[in-house]
$ cat data.cif   # mmCIF, C-alpha atoms and all ligand atoms
data_start
loop_
_atom_site.group_PDB
_atom_site.id
_atom_site.type_symbol
_atom_site.label_atom_id
_atom_site.label_comp_id
_atom_site.auth_asym_id
_atom_site.auth_seq_id
_atom_site.Cartn_x
_atom_site.Cartn_y
_atom_site.Cartn_z
ATOM 1 C CA GLY A 1 31.897 -51.165 -77.552
ATOM 2 C CA GLN A 2 34.290 -52.446 -80.149
ATOM 3 C CA PRO A 3 37.274 -50.399 -81.288
ATOM 4 C CA VAL A 4 36.697 -48.609 -84.586
ATOM 5 C CA LEU A 5 39.081 -48.590 -87.537
ATOM 6 C CA ALA A 6 38.316 -46.009 -90.234
ATOM 7 C CA VAL A 7 39.624 -46.540 -93.752
ATOM 8 C CA VAL A 8 40.474 -43.304 -95.574
ATOM 9 C CA GLY A 9 42.193 -42.257 -98.782
ATOM 10 C CA ARG A 10 41.692 -40.935 -102.286
ATOM 11 C CA PRO A 11 39.030 -42.349 -104.571
ATOM 12 C CA ASN A 12 40.068 -45.497 -106.429
ATOM 13 C CA VAL A 13 42.983 -46.478 -104.222
ATOM 14 C CA GLY A 14 41.033 -49.602 -103.259
ATOM 15 C CA LYS A 15 39.505 -48.758 -99.869
ATOM 16 C CA SER A 16 36.261 -50.620 -100.498
ATOM 17 C CA THR A 17 38.076 -53.577 -102.029
ATOM 18 C CA LEU A 18 40.279 -53.760 -98.944
ATOM 19 C CA VAL A 19 37.278 -53.565 -96.632
ATOM 20 C CA ASN A 20 35.594 -56.366 -98.573
ATOM 21 C CA ARG A 21 38.785 -58.377 -98.473
ATOM 22 C CA ILE A 22 39.020 -58.054 -94.698
ATOM 23 C CA LEU A 23 35.369 -59.007 -94.235
ATOM 24 C CA ARG A 24 35.456 -61.912 -96.657
ATOM 25 C CA ARG A 25 38.500 -63.455 -95.045
ATOM 26 C CA ARG A 26 36.770 -63.470 -91.731
ATOM 27 C CA ALA A 27 33.331 -64.280 -93.125
ATOM 28 C CA ALA A 28 32.135 -61.522 -90.838
ATOM 29 C CA VAL A 29 28.595 -60.283 -90.671
ATOM 30 C CA VAL A 30 28.134 -57.191 -92.783
ATOM 31 C CA GLN A 31 25.712 -54.783 -91.209
ATOM 32 C CA ASP A 32 24.631 -51.222 -91.467
ATOM 33 C CA THR A 33 24.924 -49.691 -88.045
ATOM 34 C CA PRO A 34 21.599 -48.074 -87.156
ATOM 35 C CA GLY A 35 21.695 -44.301 -87.249
ATOM 36 C CA VAL A 36 24.841 -44.190 -89.302
ATOM 37 C CA THR A 37 24.460 -42.672 -92.709
ATOM 38 C CA ARG A 38 25.281 -44.578 -95.829
ATOM 39 C CA ASP A 39 28.435 -42.482 -96.134
ATOM 40 C CA ARG A 40 29.915 -44.046 -93.067
ATOM 41 C CA VAL A 41 28.894 -47.663 -92.981
ATOM 42 C CA ALA A 42 30.392 -49.668 -90.121
ATOM 43 C CA TYR A 43 30.963 -53.390 -90.541
ATOM 44 C CA ASP A 44 31.742 -56.026 -87.942
ATOM 45 C CA ALA A 45 35.216 -57.357 -88.579
ATOM 46 C CA GLU A 46 37.409 -59.833 -86.763
ATOM 47 C CA TRP A 47 41.030 -60.869 -86.974
ATOM 48 C CA ALA A 48 43.044 -63.110 -84.688
ATOM 49 C CA GLY A 49 40.168 -63.235 -82.234
ATOM 50 C CA ARG A 50 39.887 -59.445 -81.993
ATOM 51 C CA ARG A 51 36.632 -57.895 -83.052
ATOM 52 C CA PHE A 52 36.504 -54.375 -84.371
ATOM 53 C CA ALA A 53 34.248 -52.112 -86.381
ATOM 54 C CA LEU A 54 35.474 -51.250 -89.838
ATOM 55 C CA VAL A 55 34.324 -47.976 -91.371
ATOM 56 C CA ASP A 56 34.537 -47.489 -95.135
ATOM 57 C CA THR A 57 34.535 -43.782 -95.923
ATOM 58 C CA GLY A 58 33.640 -44.081 -99.590
ATOM 59 C CA GLY A 59 30.637 -41.796 -99.425
ATOM 60 C CA TRP A 60 32.836 -38.779 -98.822
ATOM 61 C CA GLU A 61 34.541 -39.052 -102.149
ATOM 62 C CA PRO A 62 33.966 -36.135 -104.468
ATOM 63 C CA ASN A 63 34.238 -36.769 -108.171
ATOM 64 C CA SER A 64 35.742 -33.545 -109.424
ATOM 65 C CA SER A 65 37.124 -30.407 -107.796
ATOM 66 C CA GLY A 66 38.117 -30.005 -104.187
ATOM 67 C CA LEU A 67 39.527 -33.486 -103.899
ATOM 68 C CA ARG A 68 42.395 -32.583 -101.608
ATOM 69 C CA ALA A 69 40.152 -30.639 -99.238
ATOM 70 C CA ALA A 70 37.586 -33.415 -99.247
ATOM 71 C CA VAL A 71 40.125 -36.124 -98.452
ATOM 72 C CA SER A 72 41.581 -33.953 -95.674
ATOM 73 C CA ALA A 73 38.097 -33.465 -94.249
ATOM 74 C CA GLN A 74 37.555 -37.211 -94.485
ATOM 75 C CA ALA A 75 40.761 -37.744 -92.503
ATOM 76 C CA GLU A 76 39.694 -35.191 -89.867
ATOM 77 C CA MET A 77 36.339 -36.921 -89.506
ATOM 78 C CA ALA A 78 37.985 -40.319 -89.213
ATOM 79 C CA MET A 79 40.325 -39.049 -86.521
ATOM 80 C CA SER A 80 37.478 -37.699 -84.447
ATOM 81 C CA THR A 81 35.331 -40.814 -84.652
ATOM 82 C CA ALA A 82 37.723 -43.756 -84.896
ATOM 83 C CA ASP A 83 40.187 -45.382 -82.514
ATOM 84 C CA ALA A 84 42.669 -45.905 -85.339
ATOM 85 C CA VAL A 85 42.867 -44.828 -88.959
ATOM 86 C CA LEU A 86 44.068 -46.752 -91.982
ATOM 87 C CA LEU A 87 45.274 -44.528 -94.823
ATOM 88 C CA VAL A 88 45.214 -46.388 -98.125
ATOM 89 C CA VAL A 89 47.419 -45.224 -100.984
ATOM 90 C CA ASP A 90 47.927 -46.660 -104.468
ATOM 91 C CA ALA A 91 51.495 -47.945 -104.505
ATOM 92 C CA THR A 92 51.507 -48.066 -108.300
ATOM 93 C CA VAL A 93 50.945 -44.287 -108.339
ATOM 94 C CA GLY A 94 53.015 -43.337 -105.285
ATOM 95 C CA ALA A 95 52.283 -40.498 -102.868
ATOM 96 C CA THR A 96 50.229 -37.783 -104.537
ATOM 97 C CA GLU A 97 49.667 -34.261 -103.163
ATOM 98 C CA THR A 98 46.272 -35.442 -101.966
ATOM 99 C CA ASP A 99 47.861 -38.358 -100.099
ATOM 100 C CA GLU A 100 50.352 -35.926 -98.543
ATOM 101 C CA ALA A 101 47.552 -33.598 -97.456
ATOM 102 C CA ALA A 102 45.729 -36.502 -95.811
ATOM 103 C CA ALA A 103 48.951 -37.670 -94.147
ATOM 104 C CA ARG A 104 49.563 -34.167 -92.761
ATOM 105 C CA VAL A 105 46.158 -34.209 -91.127
ATOM 106 C CA LEU A 106 46.655 -37.709 -89.756
ATOM 107 C CA ARG A 107 50.125 -37.002 -88.363
ATOM 108 C CA ARG A 108 48.518 -34.444 -86.030
ATOM 109 C CA SER A 109 46.243 -37.148 -84.690
ATOM 110 C CA LYS A 110 46.681 -38.665 -81.271
ATOM 111 C CA ARG A 111 45.165 -41.794 -82.735
ATOM 112 C CA PRO A 112 47.323 -44.514 -84.224
ATOM 113 C CA VAL A 113 47.576 -44.372 -88.009
ATOM 114 C CA LEU A 114 48.504 -47.254 -90.286
ATOM 115 C CA LEU A 115 49.546 -46.931 -93.920
ATOM 116 C CA ALA A 116 48.454 -49.478 -96.519
ATOM 117 C CA ALA A 117 50.275 -49.443 -99.864
ATOM 118 C CA ASN A 118 47.640 -51.083 -102.024
ATOM 119 C CA LYS A 119 47.745 -52.628 -105.510
ATOM 120 C CA VAL A 120 51.028 -54.391 -104.795
ATOM 121 C CA ASP A 121 49.813 -57.335 -106.867
ATOM 122 C CA ASP A 122 53.294 -58.484 -107.624
ATOM 123 C CA GLU A 123 56.442 -59.039 -105.533
ATOM 124 C CA ARG A 124 58.378 -56.735 -107.878
ATOM 125 C CA LEU A 125 56.275 -53.780 -106.703
ATOM 126 C CA VAL A 126 57.181 -54.222 -103.027
ATOM 127 C CA ALA A 127 60.432 -52.268 -103.389
ATOM 128 C CA ASP A 128 58.521 -49.227 -104.680
ATOM 129 C CA THR A 129 56.542 -48.985 -101.462
ATOM 130 C CA ALA A 130 59.641 -47.842 -99.533
ATOM 131 C CA ALA A 131 59.121 -44.380 -101.067
ATOM 132 C CA LEU A 132 55.926 -44.107 -99.010
ATOM 133 C CA TRP A 133 57.940 -43.723 -95.802
ATOM 134 C CA SER A 134 58.017 -40.076 -96.965
ATOM 135 C CA LEU A 135 54.419 -39.701 -95.803
ATOM 136 C CA GLY A 136 55.705 -39.760 -92.239
ATOM 137 C CA LEU A 137 53.241 -42.385 -91.067
ATOM 138 C CA GLY A 138 55.746 -45.118 -90.400
ATOM 139 C CA GLU A 139 56.019 -48.428 -92.176
ATOM 140 C CA PRO A 140 53.974 -48.816 -95.356
ATOM 141 C CA TYR A 141 52.263 -52.224 -95.450
ATOM 142 C CA PRO A 142 52.265 -53.490 -99.034
ATOM 143 C CA VAL A 143 49.027 -55.290 -99.848
ATOM 144 C CA SER A 144 46.917 -56.336 -102.785
ATOM 145 C CA ALA A 145 43.313 -55.947 -101.750
ATOM 146 C CA LEU A 146 42.293 -57.502 -105.040
ATOM 147 C CA HIS A 147 44.301 -60.704 -104.596
ATOM 148 C CA GLY A 148 44.609 -60.761 -100.813
ATOM 149 C CA ARG A 149 48.350 -60.509 -100.916
ATOM 150 C CA ASN A 150 49.882 -59.706 -97.497
ATOM 151 C CA SER A 151 46.593 -58.545 -96.058
ATOM 152 C CA GLY A 152 47.251 -60.807 -93.057
ATOM 153 C CA ASP A 153 50.352 -58.815 -92.131
ATOM 154 C CA LEU A 154 48.371 -55.597 -92.303
ATOM 155 C CA LEU A 155 45.591 -57.064 -90.163
ATOM 156 C CA ASP A 156 48.109 -58.305 -87.605
ATOM 157 C CA ALA A 157 49.325 -54.706 -87.338
ATOM 158 C CA VAL A 158 45.740 -53.433 -87.099
ATOM 159 C CA VAL A 159 44.834 -55.642 -84.138
ATOM 160 C CA ARG A 160 48.145 -54.861 -82.421
ATOM 161 C CA THR A 161 47.279 -51.183 -82.772
ATOM 162 C CA LEU A 162 43.596 -51.192 -81.763
HETATM 163 P P1 LIG A 201 37.958 -46.868 -103.442
HETATM 164 O O1 LIG A 201 37.385 -45.814 -104.304
HETATM 165 O O2 LIG A 201 39.192 -46.390 -102.741
HETATM 166 O O3 LIG A 201 36.982 -47.495 -102.511
HETATM 167 O O4 LIG A 201 38.491 -47.996 -104.442
HETATM 168 P P2 LIG A 201 37.749 -49.340 -104.920
HETATM 169 O O5 LIG A 201 37.848 -50.375 -103.856
HETATM 170 O O6 LIG A 201 36.404 -48.996 -105.422
HETATM 171 O O7 LIG A 201 38.710 -49.795 -106.108
HETATM 172 C C1 LIG A 201 38.979 -48.942 -107.199
HETATM 173 C C2 LIG A 201 39.552 -49.756 -108.334
HETATM 174 O O8 LIG A 201 40.831 -50.269 -107.955
HETATM 175 C C3 LIG A 201 38.696 -50.959 -108.698
HETATM 176 O O9 LIG A 201 38.752 -51.108 -110.090
HETATM 177 C C4 LIG A 201 39.415 -52.110 -107.998
HETATM 178 O O10 LIG A 201 39.206 -53.347 -108.625
HETATM 179 C C5 LIG A 201 40.852 -51.677 -108.119
HETATM 180 N N1 LIG A 201 41.690 -52.273 -107.059
HETATM 181 C C6 LIG A 201 41.440 -52.299 -105.736
HETATM 182 N N2 LIG A 201 42.414 -52.951 -105.088
HETATM 183 C C7 LIG A 201 43.303 -53.361 -106.017
HETATM 184 C C8 LIG A 201 44.528 -54.111 -105.965
HETATM 185 O O11 LIG A 201 45.016 -54.544 -104.930
HETATM 186 N N3 LIG A 201 45.177 -54.306 -107.161
HETATM 187 C C9 LIG A 201 44.666 -53.838 -108.329
HETATM 188 N N4 LIG A 201 45.372 -54.096 -109.431
HETATM 189 N N5 LIG A 201 43.521 -53.147 -108.416
HETATM 190 C C10 LIG A 201 42.837 -52.918 -107.277
HETATM 191 MG MG MG A 202 34.996 -47.024 -102.098
#
$ encode --input "data.cif" --output "structure tokens"
Amino acid sequence: GQPVLAVVGRPNVGKSTLVNRILRRRAAVVQDTPGVTRDRVAYDAEWAGRRFALVDTGGWEPNSSGLRAAVSAQAEMAMSTADAVLLVVDATVGATETDEAAARVLRRSKRPVLLAANKVDDERLVADTAALWSLGLGEPYPVSALHGRNSGDLLDAVVRTL
């Protein structure tokens, strides 16, 4: 079937907003894949004529203790079920220990991993995203899921990768 892109990262970095942004731009059909739990909803997405399934991993987010372990587990799960993984970090916060733990897991993956530096609502914030090279996942793509800023560049990279 279609290649699967899983979106992972800490709570509140903007994963769901980014997923909605990608779907809205393509006016894609949003559907719950039968047999998939609500924690791992797959949506039909399309960019530049390439169709792919987009998995928002929001349901795995804990709200208190064990955050780092939970995000690492989320990354492990994504690696085992997806063709590529998109790690979303909050560029206004920078790389936290939880982001680093997720990146460590993802670096072991044989799957391609892309890094989205979200909440770059303003050109002035782009320079800050260079610090995210430290996660060892290659080029950070600065985006604003909220405003749509640069999401096309990220999606170009996604479809090149899938
Ligand atoms: P998730 O928990 O990772 O799925 O994050 P959400 O998509 O639920 O977003 C968490 C919060 O961050 C919400 O208040 C969003 O409106 C906000 N947010 C998401 N993307 C952006 C962005 O690009 N810029 C700003 N300023 N806020 C954002
Ligand atoms: Mg979410």
$ resolve_selection --input "data.cif" --expression "the PyMOL selection byres (((not hetatm)) within 8 of (chain A and resi 201))" --output "mmCIF file with C-alpha atoms, in the coordinates of the input"
data_model
loop_
_atom_site.group_PDB
_atom_site.id
_atom_site.type_symbol
_atom_site.label_atom_id
_atom_site.label_comp_id
_atom_site.auth_asym_id
_atom_site.auth_seq_id
_atom_site.Cartn_x
_atom_site.Cartn_y
_atom_site.Cartn_z
ATOM 1 C CA VAL A 8 40.474 -43.304 -95.574
ATOM 2 C CA GLY A 9 42.193 -42.257 -98.782
ATOM 3 C CA ARG A 10 41.692 -40.935 -102.286
ATOM 4 C CA PRO A 11 39.030 -42.349 -104.571
ATOM 5 C CA ASN A 12 40.068 -45.497 -106.429
ATOM 6 C CA VAL A 13 42.983 -46.478 -104.222
ATOM 7 C CA GLY A 14 41.033 -49.602 -103.259
ATOM 8 C CA LYS A 15 39.505 -48.758 -99.869
ATOM 9 C CA SER A 16 36.261 -50.620 -100.498
ATOM 10 C CA THR A 17 38.076 -53.577 -102.029
ATOM 11 C CA LEU A 18 40.279 -53.760 -98.944
ATOM 12 C CA VAL A 19 37.278 -53.565 -96.632
ATOM 13 C CA ASP A 56 34.537 -47.489 -95.135
ATOM 14 C CA THR A 57 34.535 -43.782 -95.923
ATOM 15 C CA GLY A 58 33.640 -44.081 -99.590
ATOM 16 C CA GLU A 61 34.541 -39.052 -102.149
ATOM 17 C CA VAL A 88 45.214 -46.388 -98.125
ATOM 18 C CA ASN A 118 47.640 -51.083 -102.024
ATOM 19 C CA LYS A 119 47.745 -52.628 -105.510
ATOM 20 C CA VAL A 120 51.028 -54.391 -104.795
ATOM 21 C CA ASP A 121 49.813 -57.335 -106.867
ATOM 22 C CA VAL A 143 49.027 -55.290 -99.848
ATOM 23 C CA SER A 144 46.917 -56.336 -102.785
ATOM 24 C CA ALA A 145 43.313 -55.947 -101.750
ATOM 25 C CA LEU A 146 42.293 -57.502 -105.040
ATOM 26 C CA HIS A 147 44.301 -60.704 -104.596
ATOM 27 C CA GLY A 148 44.609 -60.761 -100.813
ATOM 28 C CA ARG A 149 48.350 -60.509 -100.916
#
$ closest_residue --input "data.cif" --among "A:Gln2, A:Thr81, A:Asn20, A:Thr161" --to "ligand MG 202 (chain A)" --atoms "only C-alpha atoms and all ligand atoms"
A:Asn20
$ residues_around --input "data.cif" --residues "Ser72 of chain A" --least-positions-apart "6" --cutoff "9 Å" --atoms "only C-alpha atoms" --output "ChimeraX atom specification"
/A:9,98-99,101-106
$ closest_residue --input "data.cif" --among "A:Gly136, A:Phe52, A:Asn150, A:Ala45" --to "Arg107 of chain A" --atoms "all atoms listed in the file"
A:Gly136
$ atom_distance --input "data.cif" --atom1 "atom CA of Arg50 of chain A" --atom2 "atom CA of Val4 of chain A"
11.6 Å
$ atom_distance --input "data.cif" --atom1 "atom CA of Ser134 of chain A" --atom2 "atom CA of Val55 of chain A"
25.6 Å
$ closest_residue --input "data.cif" --among "A:Tyr43, A:Leu23, A:Gly1, A:Val7" --to "ligand MG 202 (chain A)" --atoms "only C-alpha atoms and all ligand atoms"
A:Val7
$ resolve_selection --input "data.cif" --expression "the PyMOL selection byres (((chain A and resi 117) around 6) and not hetatm)" --output "mmCIF file with C-alpha atoms, in the frame of the given file"
data_model
loop_
_atom_site.group_PDB
_atom_site.id
_atom_site.type_symbol
_atom_site.label_atom_id
_atom_site.label_comp_id
_atom_site.auth_asym_id
_atom_site.auth_seq_id
_atom_site.Cartn_x
_atom_site.Cartn_y
_atom_site.Cartn_z
ATOM 1 C CA VAL A 89 47.419 -45.224 -100.984
ATOM 2 C CA ASP A 90 47.927 -46.660 -104.468
ATOM 3 C CA ALA A 91 51.495 -47.945 -104.505
ATOM 4 C CA ALA A 116 48.454 -49.478 -96.519
ATOM 5 C CA ASN A 118 47.640 -51.083 -102.024
ATOM 6 C CA PRO A 140 53.974 -48.816 -95.356
ATOM 7 C CA TYR A 141 52.263 -52.224 -95.450
ATOM 8 C CA PRO A 142 52.265 -53.490 -99.034
ATOM 9 C CA VAL A 143 49.027 -55.290 -99.848
#
$ atom_distance --input "data.cif" --atom1 "atom CA of Ala130 of chain A" --atom2 "atom CA of Thr96 of chain A"
14.7 Å
$ residues_around --input "data.cif" --residues "Lys110 of chain A" --least-positions-apart "4" --cutoff "12 Å" --atoms "all atoms listed in the file" --output "number ranges by chain"
A: 76, 78-80, 82-85, 105-106
$ residues_around --input "data.cif" --residues "Arg51 of chain A" --least-positions-apart "4" --cutoff "12 Å" --atoms "all atoms listed in the file" --output "PyMOL selection string"
chain A and resi 1-5+22-23+26+28-29+43-47+155+158-160+162
$ axis_aligned_box --input "data.cif" --around "segment 137-146 of chain A" --padding-each-side "5 Å" --output "JSON"
{"center_x": 49.2, "center_y": -49.9, "center_z": -97.7, "size_x": 23.7, "size_y": 25.1, "size_z": 24.6}
